[in-house]
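Trainee: Below you'll find entry_26.csv; it's CSV, C-alpha atoms.
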chain,number,residue,atom,x,y,z
H,1,MET,CA,22.0,131.8,277.3
H,2,ASN,CA,21.8,128.5,275.3
H,3,LYS,CA,18.9,127.1,273.5
H,4,VAL,CA,18.2,123.5,274.4
H,5,ASN,CA,15.3,121.9,272.5
H,6,ASN,CA,12.4,124.2,273.2
H,7,LEU,CA,13.8,125.4,276.5
H,8,ILE,CA,16.0,128.5,277.1
H,9,VAL,CA,18.6,127.8,279.7
H,10,ILE,CA,19.7,130.7,281.7
H,11,LYS,CA,22.9,129.5,283.4
H,12,GLU,CA,23.4,132.4,285.8
H,13,ASN,CA,20.3,131.5,287.8
H,14,HIS,CA,19.9,127.8,286.7
H,15,ILE,CA,16.4,128.6,285.6
H,16,LEU,CA,14.7,126.9,282.7
H,17,ILE,CA,12.2,129.1,280.8
H,18,THR,CA,10.4,128.4,277.6
H,19,SER,CA,10.1,130.8,274.7
H,20,PHE,CA,6.6,131.5,275.8
H,21,GLY,CA,7.8,132.2,279.4
H,22,LYS,CA,10.4,134.5,278.1
H,23,LEU,CA,7.9,136.5,276.2
H,24,CYS,CA,5.4,136.6,279.1
H,25,ARG,CA,8.2,137.8,281.4
H,26,LYS,CA,9.1,140.6,278.8
H,27,LEU,CA,5.4,141.6,278.7
H,28,ARG,CA,5.3,141.8,282.5
H,29,ILE,CA,8.5,143.9,282.7
H,30,ASP,CA,7.4,146.2,279.9
H,31,ASN,CA,4.1,146.8,281.7
H,32,GLY,CA,5.4,147.0,285.3
H,33,ASP,CA,3.6,143.8,286.3
H,34,LEU,CA,4.7,141.0,288.6
H,35,LEU,CA,4.0,137.3,288.0
H,36,LYS,CA,0.9,137.5,290.3
H,37,ASP,CA,-0.4,140.5,288.3
H,38,MET,CA,-0.3,138.6,285.0
H,39,ALA,CA,-1.8,135.5,286.7
H,40,ASN,CA,-4.7,137.6,288.0
H,41,LYS,CA,-5.3,139.2,284.6
H,42,ILE,CA,-5.7,135.8,283.0
H,43,GLY,CA,-7.5,134.2,285.9
H,44,VAL,CA,-5.0,131.6,287.1
H,45,ALA,CA,-2.8,131.0,290.2
H,46,SER,CA,0.7,132.5,289.9
H,47,SER,CA,2.2,129.0,290.6
H,48,TYR,CA,0.4,127.6,287.6
H,49,LEU,CA,1.6,130.5,285.4
H,50,SER,CA,5.1,129.9,286.6
H,51,ALA,CA,4.9,126.2,285.9
H,52,VAL,CA,3.8,126.9,282.3
H,53,GLU,CA,6.5,129.5,281.8
H,54,ASN,CA,9.1,127.0,283.0
H,55,GLY,CA,7.9,124.2,280.7
H,56,LYS,CA,6.5,122.1,283.5
H,57,ARG,CA,2.9,122.5,282.3
H,58,ASN,CA,1.4,122.9,278.8
H,59,ILE,CA,0.0,126.3,277.7
H,60,PRO,CA,-3.8,126.3,277.8
H,61,GLU,CA,-5.1,127.4,274.4
H,62,GLU,CA,-7.3,130.2,275.9
H,63,TRP,CA,-4.3,131.9,277.4
H,64,ILE,CA,-3.1,133.4,274.1
H,65,GLU,CA,-6.3,135.5,273.7
H,66,LYS,CA,-6.5,136.3,277.4
H,67,ILE,CA,-2.9,137.6,277.4
H,68,ALA,CA,-3.4,139.5,274.1
H,69,ALA,CA,-6.5,141.2,275.5
H,70,SER,CA,-4.9,142.0,278.9
H,71,TYR,CA,-1.8,143.5,277.4
H,72,LEU,CA,-3.5,145.1,274.3
H,73,LEU,CA,-1.2,143.2,271.9
H,74,GLY,CA,-1.2,144.3,268.2
H,75,PRO,CA,-1.3,141.8,265.4
H,76,SER,CA,2.5,141.3,265.2
H,77,GLU,CA,2.8,140.9,269.0
H,78,LEU,CA,0.0,138.4,268.9
H,79,ALA,CA,1.7,136.4,266.1
H,80,GLU,CA,4.9,136.4,268.2
H,81,LEU,CA,3.0,135.2,271.2
H,82,ARG,CA,1.4,132.4,269.2
H,83,GLN,CA,4.7,131.4,267.7
H,84,ALA,CA,6.3,131.3,271.2
H,85,ALA,CA,3.4,129.2,272.5
H,86,LEU,CA,3.8,126.8,269.6
H,87,GLU,CA,7.6,126.4,270.1
H,88,SER,CA,7.0,125.8,273.9
H,89,GLN,CA,4.3,123.2,273.7
H,90,LYS,CA,5.4,119.8,274.9
H,91,THR,CA,2.3,117.9,273.8
H,92,LEU,CA,-0.2,118.2,271.0
H,93,LYS,CA,-3.9,117.6,271.3
H,94,VAL,CA,-5.5,116.1,268.2
H,95,ASP,CA,-9.2,115.8,267.4
H,96,PHE,CA,-9.7,112.4,265.7
H,97,GLU,CA,-13.5,112.8,265.3
H,98,GLY,CA,-14.6,111.6,261.9
H,99,ILE,CA,-11.2,110.0,261.1
H,100,GLY,CA,-11.1,106.3,260.4
H,101,ILE,CA,-8.8,103.8,262.3
H,102,GLU,CA,-6.4,103.3,259.4
H,103,ASP,CA,-5.8,107.1,259.1
H,104,LYS,CA,-5.3,107.3,262.8
H,105,LEU,CA,-2.7,104.6,262.7
H,106,VAL,CA,-0.9,106.4,259.7
H,107,PHE,CA,-1.0,109.6,261.7
H,108,MET,CA,0.5,108.0,264.8
H,109,ASP,CA,3.2,106.2,262.7
H,110,LEU,CA,4.1,109.6,261.2
H,111,ILE,CA,4.4,111.3,264.6
H,112,ARG,CA,6.5,108.4,266.0
H,113,GLU,CA,8.8,108.3,263.0
H,114,PHE,CA,9.0,112.0,262.2
H,115,LYS,CA,12.2,112.7,264.1
H,116,ASN,CA,13.9,109.9,262.2
H,117,LEU,CA,13.1,111.3,258.7
H,118,ASP,CA,15.8,113.1,256.8
H,119,GLU,CA,15.2,116.7,255.7
H,120,ARG,CA,14.4,115.6,252.1
H,121,ASP,CA,11.6,113.3,253.3
H,122,LYS,CA,10.2,116.1,255.6
H,123,ALA,CA,10.3,118.5,252.6
H,124,LYS,CA,8.3,116.0,250.5
H,125,ILE,CA,5.6,115.7,253.3
H,126,LYS,CA,5.4,119.5,253.6
H,127,GLU,CA,5.1,119.8,249.8
H,128,ILE,CA,2.2,117.3,249.8
H,129,LEU,CA,0.4,119.1,252.7
H,130,LEU,CA,0.9,122.6,251.1
H,131,LYS,CA,-0.4,121.3,247.7
H,132,ASN,CA,-3.5,119.8,249.4
H,133,LYS,CA,-4.1,123.0,251.3
H,134,LYS,CA,-3.8,125.2,248.2
H,135,GLU,CA,-6.2,122.8,246.4
H,136,GLY,CA,-8.6,123.1,249.3
H,137,LYS,CA,-8.6,119.3,249.9
H,138,ASP,CA,-10.0,118.1,253.2
H,139,TYR,CA,-7.5,116.3,255.3
H,140,VAL,CA,-10.2,114.2,257.0
H,141,HIS,CA,-10.9,110.9,255.2
H,142,LYS,CA,-14.4,109.6,255.9
Mind turning the file's structure into structure tokens?

Mentor:
Amino acid sequence: MNKVNNLIVIKENHILITSFGKLCRKLRIDNGDLLKDMANKIGVASSYLSAVENGKRNIPEEWIEKIAASYLLGPSELAELRQAALESQKTLKVDFEGIGIEDKLVFMDLIREFKNLDERDKAKIKEILLKNKKEGKDYVHK
């Protein structure tokens, strides 16, 4: 098995599966469930669940809690599920309500250029964000 970006490649079957999909599959196996059983528990079509597991669709936010409740996940298992979902997300939804146009533009520039930053610059940004978080500063500039 090789890790490619946020997809796990299983060469034997030529199947692509995300970290989230891998964890869901493990939950199903551990509980004797089929894909359709899990889909029924969270109230979706099995084809939709399959598409999410394989990275073809994004993970709906409400699925985390539904899966946790359906499979009685403890705190550490819930944290693992959240981490897998985060690793597997292909897009990010951002609420810009109350944020001015200049800050939106800065945010969009940061996102576009982030992959081009070196590790030192990324560390500086993280340091600033952690400092602001510890000081209780609001990230929204009004």

Trainee: Write out as a PyMOL selection string which residues come within 12 Å of Met38 of chain H when counting all atoms listed in the file, dropping same-chain ones fewer than 6 positions away.

Mentor: chain H and resi 21+24-32+44-50+53+63+66-71

Trainee: Next, dump the selected residues to file, keeping only C-alpha atoms, as a PDB file, in the coordinates of the input.

Mentor:
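Below is the file again.pdb, written as the result:
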ATOM      1  CA  GLY H  21       7.800 132.200 279.400  1.00  0.00           C
ATOM      2  CA  CYS H  24       5.400 136.600 279.100  1.00  0.00           C
ATOM      3  CA  ARG H  25       8.200 137.800 281.400  1.00  0.00           C
ATOM      4  CA  LYS H  26       9.100 140.600 278.800  1.00  0.00           C
ATOM      5  CA  LEU H  27       5.400 141.600 278.700  1.00  0.00           C
ATOM      6  CA  ARG H  28       5.300 141.800 282.500  1.00  0.00           C
ATOM      7  CA  ILE H  29       8.500 143.900 282.700  1.00  0.00           C
ATOM      8  CA  ASP H  30       7.400 146.200 279.900  1.00  0.00           C
ATOM      9  CA  ASN H  31       4.100 146.800 281.700  1.00  0.00           C
ATOM     10  CA  GLY H  32       5.400 147.000 285.300  1.00  0.00           C
ATOM     11  CA  VAL H  44      -5.000 131.600 287.100  1.00  0.00           C
ATOM     12  CA  ALA H  45      -2.800 131.000 290.200  1.00  0.00           C
ATOM     13  CA  SER H  46       0.700 132.500 289.900  1.00  0.00           C
ATOM     14  CA  SER H  47       2.200 129.000 290.600  1.00  0.00           C
ATOM     15  CA  TYR H  48       0.400 127.600 287.600  1.00  0.00           C
ATOM     16  CA  LEU H  49       1.600 130.500 285.400  1.00  0.00           C
ATOM     17  CA  SER H  50       5.100 129.900 286.600  1.00  0.00           C
ATOM     18  CA  GLU H  53       6.500 129.500 281.800  1.00  0.00           C
ATOM     19  CA  TRP H  63      -4.300 131.900 277.400  1.00  0.00           C
ATOM     20  CA  LYS H  66      -6.500 136.300 277.400  1.00  0.00           C
ATOM     21  CA  ILE H  67      -2.900 137.600 277.400  1.00  0.00           C
ATOM     22  CA  ALA H  68      -3.400 139.500 274.100  1.00  0.00           C
ATOM     23  CA  ALA H  69      -6.500 141.200 275.500  1.00  0.00           C
ATOM     24  CA  SER H  70      -4.900 142.000 278.900  1.00  0.00           C
ATOM     25  CA  TYR H  71      -1.800 143.500 277.400  1.00  0.00           C
TER      26      TYR H  71
END

Trainee: At what distance in Å, to one decimal, does atom CA of Lys41 of chain H lie from atom CA of Leu16 of chain H?

Mentor: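 The value is 23.6 Å.
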
Trainee: In Å, rounded to a single decimal, give me how far atom CA of Gly43 of chain H is from atom CA of Glu80 of chain H.

Mentor: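 According to the coordinates, atom CA of Glu80 of chain H and atom CA of Gly43 of chain H are separated by 21.7 Å.
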
Trainee: In Å, how far is it from atom CA of Gly98 of chain H to atom CA of Ile111 of chain H?

Mentor: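 Atom CA of Ile111 of chain H lies 19.2 Å from atom CA of Gly98 of chain H.
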
Trainee: Using only C-alpha atoms, which of H:Met108, H:Ala123, H:Leu129, H:Ile17 sits nearest Arg57 of chain H?

Mentor: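 Using only C-alpha atoms, Arg57 of chain H sits closest to H:Ile17.
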
Trainee: Would you mind telling me which residue in H:Glu102, H:Glu62, H:Glu119, H:Glu87 lies nearest to Phe20 of chain H when using all atoms listed in the file?

Mentor: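 Residue with the minimum atom-to-atom distance to Phe20 of chain H: H:Glu87.
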
Trainee: Name the residues in contact with Asp95 of chain H at a cut-off of 12 Å, using only C-alpha atoms, excluding same-chain residues fewer than 2 positions from it; report them as a list in words.

Mentor: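 After dropping sequence-adjacent residues, the list is Leu92, Lys93, Glu97, Gly98, Ile99, Gly100, Lys104, Phe107 and Val140 of chain H.
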
Trainee: Tell me which protein, DNA and RNA residues are within 12 Å of Glu65 of chain H, counting all atoms listed in the file, leaving out same-chain ones fewer than 5 positions away, and put them as a VMD selection string.

Mentor: chain H and resid 41 to 42 59 to 60 70 to 75 77 to 79 81 to 82 85

Trainee: Could the residues in this selection be written to a file with C-alpha atoms, as a PDB file, in the frame of the given file?

Mentor:
ATOM      1  CA  LYS H  41      -5.300 139.200 284.600  1.00  0.00           C
ATOM      2  CA  ILE H  42      -5.700 135.800 283.000  1.00  0.00           C
ATOM      3  CA  ILE H  59       0.000 126.300 277.700  1.00  0.00           C
ATOM      4  CA  PRO H  60      -3.800 126.300 277.800  1.00  0.00           C
ATOM      5  CA  SER H  70      -4.900 142.000 278.900  1.00  0.00           C
ATOM      6  CA  TYR H  71      -1.800 143.500 277.400  1.00  0.00           C
ATOM      7  CA  LEU H  72      -3.500 145.100 274.300  1.00  0.00           C
ATOM      8  CA  LEU H  73      -1.200 143.200 271.900  1.00  0.00           C
ATOM      9  CA  GLY H  74      -1.200 144.300 268.200  1.00  0.00           C
ATOM     10  CA  PRO H  75      -1.300 141.800 265.400  1.00  0.00           C
ATOM     11  CA  GLU H  77       2.800 140.900 269.000  1.00  0.00           C
ATOM     12  CA  LEU H  78       0.000 138.400 268.900  1.00  0.00           C
ATOM     13  CA  ALA H  79       1.700 136.400 266.100  1.00  0.00           C
ATOM     14  CA  LEU H  81       3.000 135.200 271.200  1.00  0.00           C
ATOM     15  CA  ARG H  82       1.400 132.400 269.200  1.00  0.00           C
ATOM     16  CA  ALA H  85       3.400 129.200 272.500  1.00  0.00           C
TER      17      ALA H  85
END
